[in-house]
$ cat entry_7.cif   # mmCIF, C-alpha atoms and all ligand atoms
data_run
#
loop_
_atom_site.label_atom_id
_atom_site.label_comp_id
_atom_site.auth_asym_id
_atom_site.auth_seq_id
_atom_site.Cartn_x
_atom_site.Cartn_y
_atom_site.Cartn_z
CA MET I 119 0.00 0.00 0.00
CA GLU I 120 1.28 3.46 -0.84
CA GLY I 121 0.96 6.24 1.72
CA LYS I 122 1.66 9.96 1.44
CA ASN I 123 4.80 10.81 -0.58
CA GLY I 124 4.88 7.25 -1.96
CA SER I 125 5.84 5.79 1.44
CA LEU I 126 5.16 2.06 1.94
CA ARG I 127 2.36 1.51 4.43
CA PHE I 128 0.93 -1.67 5.95
CA ASP I 129 -2.32 -0.23 7.37
CA ASP I 130 -5.02 -2.91 7.70
CA GLN I 131 -2.44 -5.61 6.98
CA VAL I 132 -1.65 -8.40 9.42
CA VAL I 133 1.88 -9.76 9.75
CA LEU I 134 3.04 -12.81 11.66
CA ILE I 135 6.75 -12.83 12.49
CA THR I 136 8.22 -15.95 14.07
CA GLY I 137 11.08 -15.56 16.54
CA ALA I 138 10.27 -11.86 16.92
CA GLY I 139 11.10 -11.60 20.63
CA GLY I 140 14.64 -10.36 19.92
CA GLY I 141 17.33 -9.77 17.30
CA LEU I 142 16.18 -9.44 13.70
CA GLY I 143 12.58 -10.48 14.34
CA ARG I 144 12.12 -7.71 16.90
CA ALA I 145 13.55 -5.15 14.45
CA TYR I 146 11.10 -6.35 11.76
CA ALA I 147 8.16 -6.22 14.19
CA MET I 148 8.95 -2.62 15.19
CA ALA I 149 9.39 -1.55 11.56
CA TYR I 150 6.06 -3.07 10.44
CA ALA I 151 4.23 -1.57 13.43
CA ARG I 152 5.67 1.88 12.70
CA ARG I 153 4.15 1.63 9.23
CA GLY I 154 0.69 0.69 10.42
CA ALA I 155 0.67 -3.14 10.38
CA ARG I 156 -1.01 -5.23 13.04
CA VAL I 157 1.73 -7.53 14.26
CA VAL I 158 1.66 -11.01 15.72
CA VAL I 159 4.89 -11.34 17.68
CA ASN I 160 5.70 -15.03 17.96
CA ASP I 161 8.58 -16.27 20.11
CA ILE I 162 9.06 -19.14 22.53
CA GLY I 163 11.79 -17.26 24.35
CA ALA I 164 14.37 -20.02 23.92
CA THR I 165 18.13 -19.91 24.52
CA ARG I 166 20.42 -19.53 21.52
CA ARG I 167 20.59 -23.36 21.33
CA GLY I 168 16.80 -23.47 21.25
CA ASP I 169 16.28 -24.80 24.78
CA GLY I 170 13.80 -23.51 27.35
CA HIS I 171 10.72 -21.33 27.12
CA SER I 172 9.87 -17.85 28.33
CA ASP I 173 6.88 -15.63 27.63
CA GLY I 174 9.03 -12.54 28.35
CA PRO I 175 10.66 -11.71 24.98
CA ALA I 176 7.45 -11.76 22.89
CA ALA I 177 5.55 -9.87 25.61
CA SER I 178 8.19 -7.15 25.86
CA VAL I 179 8.23 -6.51 22.08
CA VAL I 180 4.43 -6.24 22.15
CA GLU I 181 4.76 -3.73 24.99
CA GLU I 182 7.26 -1.67 22.96
CA ILE I 183 4.91 -1.64 19.96
CA ARG I 184 1.90 -0.63 22.06
CA ALA I 185 3.95 2.08 23.80
CA MET I 186 4.52 3.75 20.43
CA GLY I 187 0.82 3.47 19.57
CA GLY I 188 1.03 0.35 17.41
CA GLU I 189 -1.09 -2.81 17.41
CA ALA I 190 0.36 -6.19 18.34
CA PHE I 191 -0.16 -9.31 20.37
CA ALA I 192 2.18 -12.01 21.61
CA ASN I 193 2.16 -15.69 20.75
CA THR I 194 4.50 -18.19 22.37
CA ASP I 195 3.80 -21.36 20.35
CA SER I 196 6.78 -23.25 18.97
CA VAL I 197 7.27 -23.19 15.20
CA ALA I 198 8.77 -26.68 15.41
CA ASP I 199 5.39 -28.19 16.25
CA PRO I 200 2.64 -28.51 13.61
CA VAL I 201 0.05 -27.81 16.32
CA GLY I 202 1.99 -24.65 17.26
CA GLY I 203 2.06 -23.51 13.64
CA GLU I 204 -1.68 -24.05 13.20
CA SER I 205 -2.35 -22.36 16.52
CA MET I 206 -0.36 -19.16 15.84
CA VAL I 207 -1.95 -18.74 12.41
CA ALA I 208 -5.42 -19.37 13.87
CA ALA I 209 -4.68 -16.83 16.63
CA ALA I 210 -3.70 -14.19 14.04
CA VAL I 211 -6.92 -14.76 12.10
CA ALA I 212 -9.08 -14.89 15.25
CA GLN I 213 -7.62 -11.60 16.51
CA TYR I 214 -7.31 -9.61 13.30
CA GLY I 215 -9.50 -11.43 10.74
CA ARG I 216 -6.80 -12.12 8.14
CA LEU I 217 -3.11 -12.82 7.55
CA ASP I 218 -1.28 -10.95 4.81
CA ILE I 219 2.38 -11.48 5.58
CA LEU I 220 4.37 -14.30 7.15
CA VAL I 221 8.02 -13.78 8.02
CA ASN I 222 9.68 -17.09 8.91
CA ASN I 223 12.52 -15.90 11.11
CA ALA I 224 12.71 -18.11 14.23
CA GLY I 225 16.04 -19.85 14.60
CA ASN I 226 18.56 -21.53 16.85
CA LEU I 227 22.25 -22.33 16.65
CA ARG I 228 24.29 -25.39 17.73
CA ASP I 229 27.60 -25.21 15.88
CA VAL I 230 29.45 -28.53 15.83
CA SER I 231 31.49 -30.28 13.13
CA LEU I 232 29.86 -33.22 11.39
CA ALA I 233 32.42 -35.59 12.92
CA ARG I 234 31.11 -34.69 16.38
CA MET I 235 27.48 -34.05 15.50
CA GLN I 236 24.84 -36.08 17.32
CA PRO I 237 21.44 -36.86 15.80
CA GLU I 238 19.88 -34.59 18.49
CA ASP I 239 21.94 -31.63 17.17
CA TRP I 240 20.78 -32.30 13.62
CA ASP I 241 17.13 -32.63 14.66
CA ALA I 242 17.19 -29.55 16.90
CA ILE I 243 18.36 -27.35 14.02
CA LEU I 244 16.27 -28.88 11.23
CA ASP I 245 13.16 -28.89 13.46
CA VAL I 246 13.23 -25.13 14.06
CA HIS I 247 14.55 -23.75 10.77
CA LEU I 248 13.16 -26.10 8.13
CA LYS I 249 10.30 -28.07 9.66
CA GLY I 250 9.39 -24.93 11.62
CA ALA I 251 8.99 -23.00 8.36
CA PHE I 252 6.74 -25.78 7.04
CA CYS I 253 4.65 -25.94 10.22
CA VAL I 254 3.80 -22.23 10.06
CA THR I 255 3.81 -21.68 6.30
CA ALA I 256 1.38 -24.50 5.44
CA PRO I 257 -1.55 -23.14 7.50
CA ALA I 258 -0.67 -19.54 6.56
CA PHE I 259 -0.58 -20.48 2.86
CA ARG I 260 -4.08 -21.99 3.10
CA ILE I 261 -5.43 -18.73 4.56
CA MET I 262 -3.62 -16.68 1.91
CA LYS I 263 -5.01 -18.87 -0.89
CA ASP I 264 -8.55 -18.21 0.34
CA GLN I 265 -7.77 -14.46 0.44
CA ASN I 266 -6.02 -14.54 -2.96
CA TYR I 267 -3.21 -12.52 -1.44
CA GLY I 268 -0.10 -13.21 0.56
CA ARG I 269 3.56 -12.46 1.06
CA ILE I 270 5.84 -15.11 2.58
CA LEU I 271 9.46 -14.63 3.51
CA PHE I 272 12.02 -17.22 4.56
CA THR I 273 15.34 -16.58 6.25
CA THR I 274 18.39 -18.29 4.87
CA SER I 275 22.01 -17.54 5.73
CA ALA I 276 25.39 -17.07 4.10
CA ALA I 277 26.29 -20.35 5.84
CA GLY I 278 23.58 -22.11 3.84
CA LEU I 279 24.29 -20.35 0.56
CA TYR I 280 28.08 -20.64 0.66
CA GLY I 281 28.90 -23.22 3.41
CA ASN I 282 30.58 -22.80 6.79
CA PHE I 283 32.61 -25.03 9.11
CA GLY I 284 30.57 -26.47 11.97
CA GLN I 285 27.22 -25.74 10.35
CA THR I 286 26.34 -28.73 8.15
CA HIS I 287 22.93 -29.04 9.83
CA TYR I 288 22.25 -25.29 9.84
CA ALA I 289 23.41 -24.96 6.22
CA ALA I 290 21.26 -27.91 5.11
CA ALA I 291 18.21 -26.35 6.78
CA LYS I 292 18.93 -22.90 5.36
CA MET I 293 19.42 -24.20 1.81
CA GLY I 294 16.32 -26.36 2.29
CA LEU I 295 14.38 -23.14 2.77
CA VAL I 296 15.55 -21.96 -0.65
CA GLY I 297 14.06 -25.11 -2.22
CA LEU I 298 10.86 -24.68 -0.22
CA MET I 299 10.53 -21.06 -1.38
CA GLN I 300 11.26 -21.85 -5.04
CA SER I 301 8.47 -24.43 -5.23
CA LEU I 302 6.07 -22.45 -3.04
CA CYS I 303 6.31 -19.38 -5.26
CA ILE I 304 5.17 -21.57 -8.17
CA GLU I 305 2.28 -23.00 -6.13
CA GLY I 306 1.19 -19.56 -4.89
CA ARG I 307 1.40 -17.68 -8.19
CA LYS I 308 -2.22 -18.00 -9.30
CA ASN I 309 -3.48 -16.85 -5.89
CA GLY I 310 -1.41 -13.69 -5.64
CA ILE I 311 1.01 -15.22 -3.14
CA GLN I 312 4.68 -14.30 -3.45
CA ALA I 313 7.59 -15.94 -1.66
CA ASN I 314 11.21 -14.85 -1.33
CA VAL I 315 14.26 -15.57 0.80
CA VAL I 316 16.48 -13.12 2.67
CA ALA I 317 19.98 -13.79 3.92
CA PRO I 318 20.59 -11.20 6.66
CA LEU I 319 23.79 -10.21 8.40
CA ALA I 320 23.11 -8.59 11.76
CA ALA I 321 24.43 -8.22 15.27
CA SER I 322 22.36 -10.46 17.52
CA ARG I 323 23.04 -13.10 20.13
CA MET I 324 23.65 -15.46 17.18
CA THR I 325 26.62 -13.44 15.94
CA GLU I 326 27.78 -11.52 19.06
CA ASP I 327 30.71 -13.86 19.79
CA LEU I 328 31.62 -14.64 16.18
CA LEU I 329 32.64 -11.17 14.98
CA PRO I 330 34.74 -8.35 16.44
CA PRO I 331 32.90 -5.39 18.06
CA GLU I 332 33.94 -2.95 15.31
CA VAL I 333 32.21 -5.15 12.71
CA LEU I 334 29.15 -5.76 14.90
CA GLU I 335 28.76 -1.97 15.24
CA ASN I 336 27.81 -1.85 11.56
CA MET I 337 25.29 -4.67 11.80
CA ASP I 338 22.25 -3.19 13.52
CA PRO I 339 19.28 -5.54 12.81
CA ALA I 340 17.22 -2.43 12.00
CA THR I 341 19.30 -2.05 8.82
CA VAL I 342 17.87 -5.32 7.43
CA ALA I 343 14.21 -4.50 8.18
CA PRO I 344 13.69 -2.23 5.13
CA LEU I 345 14.39 -5.14 2.77
CA VAL I 346 11.93 -7.36 4.63
CA LEU I 347 9.28 -4.64 4.41
CA TRP I 348 9.90 -3.99 0.73
CA LEU I 349 9.78 -7.68 -0.27
CA THR I 350 6.52 -8.24 1.63
CA SER I 351 4.77 -5.05 0.54
CA SER I 352 1.86 -5.09 -1.90
CA ALA I 353 3.92 -2.79 -4.15
CA CYS I 354 6.63 -5.43 -4.64
CA THR I 355 6.00 -7.97 -7.40
CA GLU I 356 9.16 -9.98 -6.76
CA SER I 357 8.76 -13.71 -6.14
CA GLY I 358 11.31 -16.50 -6.15
CA SER I 359 14.34 -14.39 -5.27
CA ILE I 360 17.15 -14.76 -2.77
CA VAL I 361 18.56 -11.49 -1.42
CA ASN I 362 21.59 -10.84 0.81
CA MET I 363 21.57 -7.82 3.11
CA GLY I 364 23.95 -6.58 5.77
CA LEU I 365 27.18 -4.69 6.40
CA GLY I 366 26.16 -2.07 3.87
CA CYS I 367 25.60 -4.56 1.04
CA LEU I 368 22.35 -5.48 -0.68
CA ASN I 369 22.55 -7.96 -3.54
CA ARG I 370 20.83 -10.83 -5.27
CA VAL I 371 21.94 -14.46 -5.15
CA GLN I 372 20.91 -16.67 -8.05
CA LEU I 373 21.24 -20.31 -9.01
CA VAL I 374 22.53 -20.45 -12.56
CA THR I 375 23.39 -23.37 -14.85
CA GLY I 376 26.39 -23.46 -17.14
CA ARG I 377 26.15 -24.32 -20.85
CA GLY I 378 28.28 -27.41 -20.22
CA VAL I 379 28.85 -29.93 -22.99
CA ARG I 380 26.55 -31.94 -25.27
CA PHE I 381 26.88 -35.67 -25.75
CA ASP I 382 24.97 -38.48 -27.44
CA ALA I 383 22.43 -39.56 -24.77
CA THR I 384 22.11 -43.03 -26.31
CA THR I 385 25.78 -43.86 -25.62
CA PRO I 386 27.14 -43.62 -22.05
CA LEU I 387 30.22 -41.42 -21.77
CA GLN I 388 33.41 -43.04 -20.50
CA PRO I 389 34.83 -41.46 -17.30
CA GLU I 390 38.00 -40.65 -19.29
CA ALA I 391 35.91 -38.63 -21.77
CA ILE I 392 34.40 -36.67 -18.85
CA ALA I 393 37.91 -36.02 -17.54
CA ARG I 394 38.88 -34.58 -20.95
CA MET I 395 35.83 -32.27 -21.10
CA TRP I 396 35.93 -31.27 -17.41
CA GLY I 397 37.08 -27.70 -18.09
CA ASP I 398 34.08 -27.13 -20.40
CA VAL I 399 31.69 -28.73 -17.88
CA LEU I 400 32.82 -26.28 -15.18
CA ASP I 401 32.87 -23.24 -17.50
CA MET I 402 30.22 -20.75 -16.30
CA LYS I 403 30.46 -18.33 -19.24
CA ASP I 404 26.90 -17.89 -20.57
CA ALA I 405 25.45 -19.53 -17.43
CA ARG I 406 21.71 -18.84 -17.09
CA PRO I 407 18.95 -19.14 -14.50
CA PHE I 408 15.77 -21.18 -15.03
CA PRO I 409 12.40 -20.16 -13.58
CA ASP I 410 11.39 -23.74 -12.75
CA MET I 411 12.27 -27.42 -13.32
CA ASN I 412 10.27 -27.76 -16.53
CA ALA I 413 12.02 -24.78 -18.09
CA PHE I 414 15.34 -26.40 -17.19
CA ILE I 415 14.42 -29.76 -18.76
CA LEU I 416 13.04 -28.09 -21.89
CA GLY I 417 16.15 -25.88 -21.93
CA LEU I 418 18.31 -28.99 -22.27
CA PHE I 419 16.84 -29.55 -25.72
CA SER I 420 17.22 -25.98 -26.95
P1 LIG U 501 18.02 -14.54 17.72
O1 LIG U 501 18.51 -15.70 18.48
O2 LIG U 501 18.11 -13.19 18.33
O3 LIG U 501 16.50 -14.75 17.28
C1 LIG U 501 15.91 -16.00 17.07
C2 LIG U 501 14.61 -16.04 17.84
O4 LIG U 501 13.91 -17.24 17.51
C3 LIG U 501 14.82 -16.05 19.34
O5 LIG U 501 14.14 -14.96 19.95
C4 LIG U 501 14.26 -17.40 19.80
O6 LIG U 501 13.63 -17.39 21.06
C5 LIG U 501 13.28 -17.71 18.68
N1 LIG U 501 12.99 -19.14 18.57
C6 LIG U 501 13.87 -20.17 18.63
N2 LIG U 501 13.23 -21.34 18.51
C7 LIG U 501 11.91 -21.04 18.33
C8 LIG U 501 10.75 -21.83 18.14
N3 LIG U 501 10.81 -23.17 18.12
N4 LIG U 501 9.55 -21.21 17.99
C9 LIG U 501 9.47 -19.85 18.02
N5 LIG U 501 10.55 -19.06 18.23
C10 LIG U 501 11.75 -19.64 18.37
O7 LIG U 501 18.82 -14.55 16.32
P2 LIG U 501 18.74 -13.63 15.01
O8 LIG U 501 20.13 -13.36 14.61
O9 LIG U 501 17.80 -12.51 15.20
O10 LIG U 501 18.16 -14.69 13.95
C11 LIG U 501 16.93 -14.55 13.26
C12 LIG U 501 16.98 -15.42 12.02
O11 LIG U 501 17.97 -14.91 11.11
C13 LIG U 501 17.36 -16.88 12.26
O12 LIG U 501 16.61 -17.71 11.40
C14 LIG U 501 18.83 -16.94 11.87
O13 LIG U 501 19.23 -18.24 11.50
C15 LIG U 501 18.84 -15.97 10.72
N6 LIG U 501 20.15 -15.42 10.40
C16 LIG U 501 20.74 -14.52 11.21
C17 LIG U 501 21.96 -13.98 10.84
C18 LIG U 501 22.63 -12.93 11.67
O14 LIG U 501 23.65 -12.38 11.18
N7 LIG U 501 22.13 -12.59 12.84
C19 LIG U 501 22.60 -14.40 9.67
C20 LIG U 501 21.96 -15.32 8.86
C21 LIG U 501 20.72 -15.81 9.21
#

$ encode --input "entry_7.cif" --output "structure tokens"
Amino acid sequence: MEGKNGSLRFDDQVVLITGAGGGLGRAYAMAYARRGARVVVNDIGATRRGDGHSDGPAASVVEEIRAMGGEAFANTDSVADPVGGESMVAAAVAQYGRLDILVNNAGNLRDVSLARMQPEDWDAILDVHLKGAFCVTAPAFRIMKDQNYGRILFTTSAAGLYGNFGQTHYAAAKMGLVGLMQSLCIEGRKNGIQANVVAPLAASRMTEDLLPPEVLENMDPATVAPLVLWLTSSACTESGSIVNMGLGCLNRVQLVTGRGVRFDATTPLQPEAIARMWGDVLDMKDARPFPDMNAFILGLFS
């Protein structure tokens, strides 16, 4: 919605932000509320590892929003539980009558190398980031389909997009969200539902001990919020994109496919032949993106 002077407004729109009791989620909640949205602040109030439960963080963000004259309520269901996902979406609709925007932001961190990783570590990360996004997005998507309108955002990470030591589980979950988004934006297209992914860089309890203070100084979570607002506004027609933001940089990340080599599909190549063509296989000159799987398969014949 466009306000005075072309400003982006969210009046009459309802946004659900998961993990909004602190860090980036809190910054998003405040930014939406300032621009007129009614905000559902979800957060279980867990530790950085994802343990424990406290009503405090979500309640205090709601208090901050109300103190500046905004509209919000707290929800402390866990995203990792399908019942929790259904319940927070139902609460948003019961309170405000609709749900326009979902920002999947809740997250936890348990860095450990794969050699030392226990199945509990893997599950704890995948449950919150990837399954958690499913648990909340599926019921939200059904509401948005009925409304013929919706904006859904997922939160990936540079660790997922580029890889990072000690984060095989986190990276798998974060790249999984890219796949989820790419297929969801196809499924939502005819109902006016758009989905995108952001990869933020921000000072929060997730990053406070990973980077030096002089770098963290330039990573206020509030600096990422404008991208989240833009991508989920009715004025934005983008869907299917991955966008990095932080440390003064804003750029797009894209999966592209190289031209590669052609071979006779009726005759298996010998491994030695692949070794000889390897340079051409890896060559990314003229690499191109594909909007979906069918376009890629058809593209192989063109
Ligand atoms: P944060 O720890 O401050 O925020 C995460 C919030 O999620 C916490 O308030 C926590 O209580 C909540 N949460 C955890 N498990 C939950 C559950 N099961 N249900 C509901 N809420 C739950 O960290 P942050 O840096 O603000 O991270 C926000 C998101 O951004 C995460 O998905 C994170 O992976 C991602 N991210 C952050 C950075 C960064 O630089 N900070 C970089 C890349 C990606």

$ closest_residue --input "entry_7.cif" --among "I:Pro200, I:Pro386, I:Gly121, I:Gly358" --to "ligand LIG 501 (chain U)" --atoms "only C-alpha atoms and all ligand atoms"
I:Pro200

$ residues_near_ligand --input "entry_7.cif" --ligand "ligand LIG 501 (chain U)" --cutoff "7 Å" --atoms "only C-alpha atoms and all ligand atoms" --output "compact mmCIF listing (two decimals) with C-alpha atoms, in the frame of the given file"
# COMPACT_ATOMS: atom_id res chain seq x y z
CA THR I 136 8.22 -15.95 14.07
CA GLY I 137 11.08 -15.56 16.54
CA ALA I 138 10.27 -11.86 16.92
CA GLY I 139 11.10 -11.60 20.63
CA GLY I 140 14.64 -10.36 19.92
CA GLY I 141 17.33 -9.77 17.30
CA LEU I 142 16.18 -9.44 13.70
CA GLY I 143 12.58 -10.48 14.34
CA ASN I 160 5.70 -15.03 17.96
CA ASP I 161 8.58 -16.27 20.11
CA ILE I 162 9.06 -19.14 22.53
CA GLY I 163 11.79 -17.26 24.35
CA ALA I 164 14.37 -20.02 23.92
CA THR I 165 18.13 -19.91 24.52
CA ARG I 166 20.42 -19.53 21.52
CA GLY I 168 16.80 -23.47 21.25
CA PRO I 175 10.66 -11.71 24.98
CA THR I 194 4.50 -18.19 22.37
CA ASP I 195 3.80 -21.36 20.35
CA SER I 196 6.78 -23.25 18.97
CA VAL I 197 7.27 -23.19 15.20
CA ALA I 198 8.77 -26.68 15.41
CA ASN I 223 12.52 -15.90 11.11
CA ALA I 224 12.71 -18.11 14.23
CA GLY I 225 16.04 -19.85 14.60
CA ASN I 226 18.56 -21.53 16.85
CA VAL I 246 13.23 -25.13 14.06
CA HIS I 247 14.55 -23.75 10.77
CA GLY I 250 9.39 -24.93 11.62
CA THR I 273 15.34 -16.58 6.25
CA THR I 274 18.39 -18.29 4.87
CA SER I 275 22.01 -17.54 5.73
CA ALA I 276 25.39 -17.07 4.10
CA ALA I 317 19.98 -13.79 3.92
CA PRO I 318 20.59 -11.20 6.66
CA LEU I 319 23.79 -10.21 8.40
CA ALA I 320 23.11 -8.59 11.76
CA ALA I 321 24.43 -8.22 15.27
CA SER I 322 22.36 -10.46 17.52
CA ARG I 323 23.04 -13.10 20.13
CA MET I 324 23.65 -15.46 17.18
CA THR I 325 26.62 -13.44 15.94

$ closest_residue --input "entry_7.cif" --among "I:Arg228, I:Arg184, I:Arg260, I:Arg216" --to "Glu204 of chain I" --atoms "only C-alpha atoms"
I:Arg260

$ residues_around --input "entry_7.cif" --residues "segment 363-367 of chain I" --least-positions-apart "6" --cutoff "10 Å" --atoms "only C-alpha atoms" --output "PyMOL selection string"
chain I and resi 316-321+333-339+341-346

$ closest_residue --input "entry_7.cif" --among "I:Thr286, I:Leu271, I:Gln300, I:Asp239" --to "Trp348 of chain I" --atoms "only C-alpha atoms"
I:Leu271

$ closest_residue --input "entry_7.cif" --among "I:Glu390, I:Glu189, I:Glu356, I:Asp410" --to "Val157 of chain I" --atoms "all atoms listed in the file"
I:Glu189

$ closest_residue --input "entry_7.cif" --among "I:Val132, I:Gly154, I:Val315, I:Thr385" --to "Ile183 of chain I" --atoms "only C-alpha atoms"
I:Gly154

$ closest_residue --input "entry_7.cif" --among "I:Asn282, I:His287, I:Arg144, I:Gly310" --to "Gln265 of chain I" --atoms "only C-alpha atoms"
I:Gly310

$ residues_around --input "entry_7.cif" --residues "Met299 of chain I" --least-positions-apart "2" --cutoff "10 Å" --atoms "only C-alpha atoms" --output "list in words"
Ile270, Leu271, Phe272, Met293, Gly294, Leu295, Val296, Gly297, Ser301, Leu302, Cys303, Ile304, Glu305, Gln312, Ala313, Asn314, Val315, Ser357, Gly358, Ser359 and Ile360 of chain I

$ write_last_selection --input "entry_7.cif" --atoms "C-alpha atoms" --output "PDB file, in the coordinates of the input"
ATOM      1  CA  ILE I 270       5.840 -15.110   2.580  1.00  0.00           C
ATOM      2  CA  LEU I 271       9.460 -14.630   3.510  1.00  0.00           C
ATOM      3  CA  PHE I 272      12.020 -17.220   4.560  1.00  0.00           C
ATOM      4  CA  MET I 293      19.420 -24.200   1.810  1.00  0.00           C
ATOM      5  CA  GLY I 294      16.320 -26.360   2.290  1.00  0.00           C
ATOM      6  CA  LEU I 295      14.380 -23.140   2.770  1.00  0.00           C
ATOM      7  CA  VAL I 296      15.550 -21.960  -0.650  1.00  0.00           C
ATOM      8  CA  GLY I 297      14.060 -25.110  -2.220  1.00  0.00           C
ATOM      9  CA  SER I 301       8.470 -24.430  -5.230  1.00  0.00           C
ATOM     10  CA  LEU I 302       6.070 -22.450  -3.040  1.00  0.00           C
ATOM     11  CA  CYS I 303       6.310 -19.380  -5.260  1.00  0.00           C
ATOM     12  CA  ILE I 304       5.170 -21.570  -8.170  1.00  0.00           C
ATOM     13  CA  GLU I 305       2.280 -23.000  -6.130  1.00  0.00           C
ATOM     14  CA  GLN I 312       4.680 -14.300  -3.450  1.00  0.00           C
ATOM     15  CA  ALA I 313       7.590 -15.940  -1.660  1.00  0.00           C
ATOM     16  CA  ASN I 314      11.210 -14.850  -1.330  1.00  0.00           C
ATOM     17  CA  VAL I 315      14.260 -15.570   0.800  1.00  0.00           C
ATOM     18  CA  SER I 357       8.760 -13.710  -6.140  1.00  0.00           C
ATOM     19  CA  GLY I 358      11.310 -16.500  -6.150  1.00  0.00           C
ATOM     20  CA  SER I 359      14.340 -14.390  -5.270  1.00  0.00           C
ATOM     21  CA  ILE I 360      17.150 -14.760  -2.770  1.00  0.00           C
TER      22      ILE I 360
END

$ residues_near_point --input "entry_7.cif" --point "(-3.5, -8.6, 0.4)" --cutoff "7 Å" --atoms "all atoms listed in the file" --output "list in words"
Asp218, Tyr267, Gly268 and Ser352 of chain I

$ residues_around --input "entry_7.cif" --residues "Met395 of chain I" --least-positions-apart "4" --cutoff "8 Å" --atoms "all atoms listed in the file" --output "list in words"
Val379, Ala391 and Val399 of chain I
